[in-house]
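Asks: coords_1.txt is reproduced below (compact mmCIF, N, CA and C atoms).
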```
# COMPACT_ATOMS: atom_id res chain seq x y z
N MET A 1 -8.93 3.07 -12.56
CA MET A 1 -9.12 4.52 -12.43
C MET A 1 -8.63 5.19 -13.70
N ARG A 2 -9.28 6.26 -14.02
CA ARG A 2 -8.90 7.03 -15.20
C ARG A 2 -8.65 8.48 -14.79
N VAL A 3 -7.66 8.65 -13.96
CA VAL A 3 -7.35 9.96 -13.41
C VAL A 3 -6.03 10.44 -13.99
N ASP A 4 -6.01 11.69 -14.47
CA ASP A 4 -4.77 12.29 -14.96
C ASP A 4 -4.07 12.93 -13.77
N PRO A 5 -2.96 12.36 -13.31
CA PRO A 5 -2.31 12.90 -12.12
C PRO A 5 -1.73 14.30 -12.32
N VAL A 6 -1.34 14.62 -13.53
CA VAL A 6 -0.85 15.99 -13.80
C VAL A 6 -1.98 16.99 -13.57
N ASP A 7 -3.17 16.63 -14.01
CA ASP A 7 -4.32 17.52 -13.81
C ASP A 7 -4.60 17.73 -12.32
N LEU A 8 -4.47 16.68 -11.53
CA LEU A 8 -4.68 16.82 -10.08
C LEU A 8 -3.71 17.82 -9.47
N VAL A 9 -2.43 17.66 -9.78
CA VAL A 9 -1.41 18.55 -9.21
C VAL A 9 -1.57 19.96 -9.75
N TRP A 10 -1.91 20.09 -11.03
CA TRP A 10 -2.16 21.41 -11.65
C TRP A 10 -3.31 22.11 -10.92
N LYS A 11 -4.42 21.40 -10.72
CA LYS A 11 -5.57 22.00 -10.03
C LYS A 11 -5.20 22.43 -8.61
N TYR A 12 -4.40 21.63 -7.93
CA TYR A 12 -3.95 21.98 -6.58
C TYR A 12 -3.12 23.26 -6.60
N LEU A 13 -2.13 23.32 -7.47
CA LEU A 13 -1.26 24.51 -7.54
C LEU A 13 -2.04 25.77 -7.87
N LYS A 14 -3.07 25.63 -8.70
CA LYS A 14 -3.87 26.80 -9.11
C LYS A 14 -4.64 27.41 -7.94
N THR A 15 -4.80 26.67 -6.84
CA THR A 15 -5.54 27.19 -5.68
C THR A 15 -4.65 27.95 -4.71
N LEU A 16 -3.35 27.92 -4.91
CA LEU A 16 -2.41 28.47 -3.94
C LEU A 16 -2.06 29.92 -4.23
N LYS A 17 -2.15 30.75 -3.22
CA LYS A 17 -1.89 32.18 -3.39
C LYS A 17 -0.40 32.49 -3.57
N ASP A 18 0.49 31.61 -3.10
CA ASP A 18 1.93 31.88 -3.23
C ASP A 18 2.52 31.29 -4.51
N ILE A 19 1.66 30.84 -5.42
CA ILE A 19 2.08 30.34 -6.73
C ILE A 19 1.54 31.30 -7.79
N PRO A 20 2.39 31.84 -8.68
CA PRO A 20 1.89 32.73 -9.73
C PRO A 20 0.76 32.08 -10.52
N GLU A 21 -0.32 32.82 -10.73
CA GLU A 21 -1.56 32.28 -11.29
C GLU A 21 -1.38 31.52 -12.59
N ASP A 22 -0.60 32.03 -13.52
CA ASP A 22 -0.46 31.39 -14.82
C ASP A 22 0.76 30.49 -14.93
N ALA A 23 1.48 30.28 -13.83
CA ALA A 23 2.71 29.50 -13.89
C ALA A 23 2.49 28.00 -14.08
N PRO A 24 1.56 27.36 -13.36
CA PRO A 24 1.43 25.89 -13.50
C PRO A 24 0.91 25.50 -14.88
N THR A 25 1.52 24.48 -15.47
CA THR A 25 1.08 23.98 -16.77
C THR A 25 1.46 22.51 -16.92
N GLY A 26 0.68 21.81 -17.72
CA GLY A 26 0.96 20.41 -18.01
C GLY A 26 1.62 20.24 -19.37
N ASP A 27 1.85 21.35 -20.08
CA ASP A 27 2.57 21.28 -21.35
C ASP A 27 3.26 22.62 -21.59
N LEU A 28 4.13 22.65 -22.55
CA LEU A 28 4.87 23.89 -22.85
C LEU A 28 4.38 24.56 -24.14
N VAL A 29 3.24 24.12 -24.66
CA VAL A 29 2.67 24.70 -25.87
C VAL A 29 2.32 26.16 -25.62
N GLY A 30 2.83 27.04 -26.44
CA GLY A 30 2.53 28.47 -26.32
C GLY A 30 3.36 29.20 -25.29
N ARG A 31 4.23 28.50 -24.61
CA ARG A 31 5.07 29.13 -23.60
C ARG A 31 6.16 29.95 -24.29
N GLU A 32 6.36 31.16 -23.80
CA GLU A 32 7.42 32.02 -24.31
C GLU A 32 8.60 31.98 -23.34
N ALA A 33 9.81 31.97 -23.88
CA ALA A 33 10.99 32.05 -23.03
C ALA A 33 10.88 33.31 -22.18
N GLY A 34 11.17 33.17 -20.91
CA GLY A 34 11.06 34.30 -19.99
C GLY A 34 9.82 34.24 -19.12
N ASP A 35 8.82 33.45 -19.51
CA ASP A 35 7.62 33.29 -18.70
C ASP A 35 7.95 32.44 -17.47
N THR A 36 7.54 32.89 -16.31
CA THR A 36 7.67 32.06 -15.12
C THR A 36 6.72 30.87 -15.29
N THR A 37 7.27 29.66 -15.22
CA THR A 37 6.50 28.47 -15.53
C THR A 37 6.82 27.35 -14.56
N ILE A 38 5.78 26.64 -14.14
CA ILE A 38 5.93 25.39 -13.39
C ILE A 38 5.40 24.29 -14.30
N TYR A 39 6.31 23.56 -14.92
CA TYR A 39 5.95 22.52 -15.87
C TYR A 39 5.83 21.19 -15.13
N LEU A 40 4.66 20.58 -15.22
CA LEU A 40 4.37 19.31 -14.56
C LEU A 40 4.38 18.20 -15.59
N ASN A 41 5.06 17.11 -15.28
CA ASN A 41 5.19 16.02 -16.22
C ASN A 41 5.01 14.69 -15.49
N HIS A 42 4.11 13.85 -15.99
CA HIS A 42 3.89 12.52 -15.41
C HIS A 42 5.05 11.63 -15.85
N SER A 43 5.88 11.23 -14.91
CA SER A 43 7.10 10.49 -15.27
C SER A 43 7.00 9.00 -14.99
N GLY A 44 5.91 8.56 -14.39
CA GLY A 44 5.76 7.13 -14.14
C GLY A 44 4.78 6.86 -13.02
N GLY A 45 4.85 5.64 -12.49
CA GLY A 45 3.95 5.23 -11.42
C GLY A 45 3.34 3.89 -11.73
N PHE A 46 2.43 3.45 -10.88
CA PHE A 46 1.79 2.16 -11.08
C PHE A 46 0.61 2.02 -10.13
N ARG A 47 -0.23 1.00 -10.40
CA ARG A 47 -1.37 0.69 -9.55
C ARG A 47 -0.85 0.04 -8.28
N MET A 48 -1.23 0.59 -7.14
CA MET A 48 -0.79 0.06 -5.84
C MET A 48 -1.75 -1.00 -5.30
N VAL A 49 -3.05 -0.72 -5.40
CA VAL A 49 -4.08 -1.63 -4.90
C VAL A 49 -5.14 -1.76 -5.99
N ARG A 50 -5.43 -2.98 -6.40
CA ARG A 50 -6.37 -3.21 -7.50
C ARG A 50 -7.68 -2.45 -7.29
N ASP A 51 -8.06 -1.70 -8.32
CA ASP A 51 -9.31 -0.94 -8.33
C ASP A 51 -9.43 0.06 -7.18
N ARG A 52 -8.32 0.45 -6.57
CA ARG A 52 -8.45 1.32 -5.41
C ARG A 52 -7.43 2.44 -5.33
N MET A 53 -6.12 2.12 -5.36
CA MET A 53 -5.12 3.15 -5.12
C MET A 53 -4.05 3.16 -6.21
N ASP A 54 -3.72 4.37 -6.68
CA ASP A 54 -2.67 4.55 -7.67
C ASP A 54 -1.51 5.32 -7.07
N ARG A 55 -0.37 5.13 -7.69
CA ARG A 55 0.83 5.91 -7.39
C ARG A 55 1.25 6.57 -8.69
N ALA A 56 1.47 7.88 -8.66
CA ALA A 56 1.94 8.62 -9.84
C ALA A 56 3.20 9.39 -9.48
N ASP A 57 4.21 9.28 -10.33
CA ASP A 57 5.42 10.06 -10.17
C ASP A 57 5.30 11.30 -11.05
N ILE A 58 5.53 12.46 -10.45
CA ILE A 58 5.36 13.73 -11.14
C ILE A 58 6.65 14.54 -11.03
N GLU A 59 7.19 14.93 -12.17
CA GLU A 59 8.32 15.85 -12.20
C GLU A 59 7.77 17.27 -12.26
N TYR A 60 8.43 18.18 -11.57
CA TYR A 60 8.07 19.59 -11.67
C TYR A 60 9.33 20.39 -11.97
N ASP A 61 9.27 21.18 -13.02
CA ASP A 61 10.38 22.03 -13.43
C ASP A 61 9.92 23.48 -13.37
N VAL A 62 10.69 24.30 -12.67
CA VAL A 62 10.34 25.71 -12.51
C VAL A 62 11.31 26.54 -13.33
N TYR A 63 10.76 27.28 -14.30
CA TYR A 63 11.53 28.15 -15.19
C TYR A 63 11.37 29.60 -14.74
N ASP A 64 12.47 30.34 -14.75
CA ASP A 64 12.41 31.77 -14.46
C ASP A 64 13.68 32.42 -15.01
N GLN A 65 13.57 33.70 -15.34
CA GLN A 65 14.73 34.45 -15.83
C GLN A 65 15.74 34.71 -14.70
N ASP A 66 15.28 34.68 -13.48
CA ASP A 66 16.13 34.95 -12.32
C ASP A 66 16.37 33.64 -11.57
N ARG A 67 17.63 33.30 -11.36
CA ARG A 67 17.97 32.02 -10.73
C ARG A 67 17.41 31.91 -9.32
N ALA A 68 17.54 32.96 -8.53
CA ALA A 68 17.06 32.92 -7.14
C ALA A 68 15.54 32.75 -7.10
N GLN A 69 14.83 33.40 -8.02
CA GLN A 69 13.37 33.27 -8.04
C GLN A 69 12.95 31.87 -8.47
N ALA A 70 13.67 31.28 -9.42
CA ALA A 70 13.37 29.90 -9.84
C ALA A 70 13.58 28.95 -8.67
N ALA A 71 14.67 29.13 -7.95
CA ALA A 71 14.95 28.26 -6.80
C ALA A 71 13.90 28.43 -5.72
N ASP A 72 13.54 29.68 -5.43
CA ASP A 72 12.56 29.94 -4.38
C ASP A 72 11.20 29.32 -4.73
N LEU A 73 10.76 29.48 -5.98
CA LEU A 73 9.46 28.93 -6.38
C LEU A 73 9.50 27.40 -6.38
N ALA A 74 10.60 26.81 -6.80
CA ALA A 74 10.72 25.35 -6.77
C ALA A 74 10.65 24.83 -5.34
N HIS A 75 11.29 25.51 -4.41
CA HIS A 75 11.25 25.07 -3.02
C HIS A 75 9.89 25.34 -2.38
N THR A 76 9.20 26.37 -2.84
CA THR A 76 7.82 26.61 -2.39
C THR A 76 6.93 25.45 -2.85
N CYS A 77 7.07 25.04 -4.11
CA CYS A 77 6.29 23.90 -4.62
C CYS A 77 6.61 22.65 -3.80
N ARG A 78 7.88 22.40 -3.57
CA ARG A 78 8.29 21.22 -2.79
C ARG A 78 7.62 21.23 -1.42
N GLU A 79 7.69 22.36 -0.74
CA GLU A 79 7.11 22.48 0.59
C GLU A 79 5.61 22.22 0.57
N ARG A 80 4.92 22.82 -0.40
CA ARG A 80 3.46 22.66 -0.49
C ARG A 80 3.09 21.22 -0.84
N PHE A 81 3.84 20.60 -1.77
CA PHE A 81 3.56 19.21 -2.13
C PHE A 81 3.71 18.28 -0.92
N LEU A 82 4.79 18.43 -0.19
CA LEU A 82 5.09 17.50 0.90
C LEU A 82 4.30 17.77 2.17
N GLU A 83 3.99 19.04 2.42
CA GLU A 83 3.34 19.40 3.68
C GLU A 83 1.84 19.64 3.58
N ASP A 84 1.36 20.11 2.45
CA ASP A 84 -0.05 20.50 2.34
C ASP A 84 -0.89 19.63 1.40
N LEU A 85 -0.28 19.04 0.39
CA LEU A 85 -1.06 18.26 -0.57
C LEU A 85 -1.65 16.97 0.02
N PRO A 86 -0.91 16.24 0.90
CA PRO A 86 -1.52 15.04 1.49
C PRO A 86 -2.81 15.39 2.24
N GLY A 87 -3.85 14.60 1.98
CA GLY A 87 -5.14 14.82 2.63
C GLY A 87 -6.10 15.67 1.81
N GLN A 88 -5.60 16.34 0.79
CA GLN A 88 -6.47 17.18 -0.05
C GLN A 88 -7.43 16.30 -0.86
N VAL A 89 -8.62 16.82 -1.11
CA VAL A 89 -9.57 16.19 -2.01
C VAL A 89 -9.72 17.10 -3.21
N ILE A 90 -9.46 16.56 -4.39
CA ILE A 90 -9.53 17.33 -5.63
C ILE A 90 -10.52 16.61 -6.53
N GLY A 91 -11.69 17.22 -6.70
CA GLY A 91 -12.76 16.54 -7.44
C GLY A 91 -13.16 15.28 -6.71
N ASP A 92 -13.08 14.15 -7.41
CA ASP A 92 -13.44 12.85 -6.82
C ASP A 92 -12.23 12.08 -6.32
N VAL A 93 -11.10 12.77 -6.18
CA VAL A 93 -9.85 12.09 -5.83
C VAL A 93 -9.34 12.60 -4.49
N GLN A 94 -8.92 11.66 -3.65
CA GLN A 94 -8.30 12.03 -2.37
C GLN A 94 -6.81 11.72 -2.45
N ILE A 95 -6.00 12.70 -2.10
CA ILE A 95 -4.55 12.51 -2.05
C ILE A 95 -4.22 11.91 -0.69
N LEU A 96 -3.72 10.69 -0.69
CA LEU A 96 -3.40 10.00 0.57
C LEU A 96 -2.06 10.44 1.13
N ASP A 97 -1.07 10.54 0.25
CA ASP A 97 0.27 10.90 0.71
C ASP A 97 1.08 11.38 -0.48
N VAL A 98 2.17 12.08 -0.16
CA VAL A 98 3.13 12.53 -1.16
C VAL A 98 4.52 12.23 -0.60
N ALA A 99 5.36 11.64 -1.44
CA ALA A 99 6.74 11.36 -1.06
C ALA A 99 7.67 12.02 -2.07
N GLU A 100 8.86 12.32 -1.61
CA GLU A 100 9.83 12.98 -2.49
C GLU A 100 10.74 11.94 -3.13
N ILE A 101 10.88 12.04 -4.44
CA ILE A 101 11.84 11.23 -5.18
C ILE A 101 13.16 11.98 -5.24
N SER A 102 13.08 13.27 -5.61
CA SER A 102 14.29 14.10 -5.60
C SER A 102 13.90 15.55 -5.33
N SER A 103 14.73 16.21 -4.56
CA SER A 103 14.49 17.61 -4.24
C SER A 103 14.90 18.49 -5.42
N PRO A 104 14.46 19.75 -5.43
CA PRO A 104 14.80 20.62 -6.56
C PRO A 104 16.32 20.74 -6.76
N ARG A 105 16.72 20.57 -8.01
CA ARG A 105 18.12 20.70 -8.40
C ARG A 105 18.21 21.63 -9.60
N TYR A 106 19.35 22.24 -9.77
CA TYR A 106 19.53 23.24 -10.82
C TYR A 106 19.99 22.59 -12.11
N PHE A 107 19.29 22.91 -13.20
CA PHE A 107 19.75 22.53 -14.54
C PHE A 107 19.18 23.53 -15.53
N PRO A 108 20.02 24.47 -16.00
CA PRO A 108 19.53 25.49 -16.93
C PRO A 108 19.06 24.86 -18.24
N ASP A 109 18.04 25.49 -18.83
CA ASP A 109 17.50 25.01 -20.10
C ASP A 109 18.57 25.15 -21.18
N SER A 110 18.83 24.10 -21.91
CA SER A 110 19.92 24.10 -22.90
C SER A 110 19.62 24.96 -24.12
N THR A 111 18.35 25.24 -24.39
CA THR A 111 17.99 26.05 -25.55
C THR A 111 17.85 27.52 -25.18
N SER A 112 17.00 27.80 -24.22
CA SER A 112 16.71 29.20 -23.87
C SER A 112 17.71 29.78 -22.87
N ARG A 113 18.46 28.91 -22.20
CA ARG A 113 19.40 29.29 -21.15
C ARG A 113 18.72 29.90 -19.94
N GLU A 114 17.41 29.65 -19.81
CA GLU A 114 16.69 30.10 -18.62
C GLU A 114 17.11 29.24 -17.43
N HIS A 115 16.91 29.80 -16.25
CA HIS A 115 17.20 29.06 -15.04
C HIS A 115 16.05 28.09 -14.78
N VAL A 116 16.40 26.85 -14.45
CA VAL A 116 15.40 25.82 -14.19
C VAL A 116 15.83 25.04 -12.94
N TYR A 117 14.89 24.89 -12.02
CA TYR A 117 15.06 24.01 -10.88
C TYR A 117 13.97 22.96 -10.97
N GLY A 118 14.35 21.71 -10.87
CA GLY A 118 13.36 20.65 -10.99
C GLY A 118 13.49 19.61 -9.91
N GLY A 119 12.35 19.07 -9.51
CA GLY A 119 12.29 18.00 -8.53
C GLY A 119 11.27 16.97 -8.98
N GLU A 120 11.09 15.94 -8.17
CA GLU A 120 10.12 14.90 -8.51
C GLU A 120 9.48 14.37 -7.23
N ILE A 121 8.18 14.15 -7.31
CA ILE A 121 7.42 13.63 -6.20
C ILE A 121 6.63 12.39 -6.63
N THR A 122 6.21 11.63 -5.64
CA THR A 122 5.27 10.53 -5.85
C THR A 122 3.98 10.90 -5.12
N VAL A 123 2.86 10.77 -5.83
CA VAL A 123 1.55 11.07 -5.27
C VAL A 123 0.75 9.76 -5.18
N PHE A 124 0.25 9.46 -3.98
CA PHE A 124 -0.58 8.28 -3.75
C PHE A 124 -2.02 8.76 -3.62
N PHE A 125 -2.94 8.20 -4.42
CA PHE A 125 -4.31 8.70 -4.40
C PHE A 125 -5.33 7.61 -4.67
N ILE A 126 -6.56 7.91 -4.25
CA ILE A 126 -7.71 7.03 -4.50
C ILE A 126 -8.85 7.88 -5.03
N GLU A 127 -9.77 7.23 -5.74
CA GLU A 127 -11.01 7.89 -6.14
C GLU A 127 -12.04 7.64 -5.04
N ASP A 128 -12.77 8.70 -4.65
CA ASP A 128 -13.82 8.53 -3.65
C ASP A 128 -15.05 7.89 -4.26
```
Mind converting the file's structure to structure tokens?

Replies:
Amino acid sequence: MRVDPVDLVWKYLKTLKDIPEDAPTGDLVGREAGDTTIYLNHSGGFRMVRDRMDRADIEYDVYDQDRAQAADLAHTCRERFLEDLPGQVIGDVQILDVAEISSPRYFPDSTSREHVYGGEITVFFIED
């Protein structure tokens, strides 16, 4: 399979009304300090079933100038990933399941000093 798992999660987040429209991103190019951002990063994974099922580990970091808003948005992402993403079909890919590696935790950005809450999920998927 030649599926970019960050793109899958990005496309999913872009469909949600409780996620700021321009917040999800797969890179930080052009991002200004102070922008509410959900940064998605492919942190690992592996092929689960030959020619059939992949597992991708995805980190999500939520940046915001307000600590409470960063925490709230990170927990909203967590809830949507774990409760709503399984079973979704995105393009030619079906999301079979999502598991949590770590729940959102606080770690302020060392350069900008923005508030950041980050977590990590595992996404299991197949191509239809």

Asks: A:Cys77, A:Ile126, A:Ala23, A:Ile121: which is nearest Asp57 of chain A, counting all atoms listed in the file?

Replies: A:Ile121

Asks: With only N, CA and C atoms as the counted atoms, please give the residues lying no more than 6 Å from Gly87 of chain A, apart from itself and same-chain residues fewer than 5 positions off, as a list in words.

Replies: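 Answer for this query is Gln94, Ile95, Leu96 and Asp97 of chain A.
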
Asks: In Å, how far is it from atom N of Thr111 of chain A to atom N of Pro5 of chain A?

Replies: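 Pair atom N of Thr111 of chain A / atom N of Pro5 of chain A returns 27.3 Å.
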
Asks: Give me, please, the distance in Å between atom CA of Arg80 of chain A and atom C of Val93 of chain A, quoted to one decimal.

Replies: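 Atom C of Val93 of chain A lies 16.8 Å from atom CA of Arg80 of chain A.
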
Asks: Pick out the closest residue to Phe125 of chain A from this set: A:Glu32, A:Asp66, A:Asp54, A:Asp84. Count all atoms listed in the file.

Replies: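 Going through A:Glu32, A:Asp66, A:Asp54, A:Asp84 one by one, the smallest distance to Phe125 of chain A is for A:Asp54.
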
Asks: When you count only C-alpha atoms, which of these residues is closest to Val98 of chain A: A:Leu82, A:Ala33, A:Leu16, A:Ala68?

Replies: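 Using only C-alpha atoms, Val98 of chain A sits closest to A:Leu82.
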
Asks: Take the point (-0.2, 22.0, -16.8) as written in the file and pick out every residue within 6 Å of it, counting only N, CA and C atoms; give the list as a list in words.

Replies: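 The requested residues, written out, are Trp10, Pro24, Thr25, Gly26, Asp27 and Leu40 of chain A.
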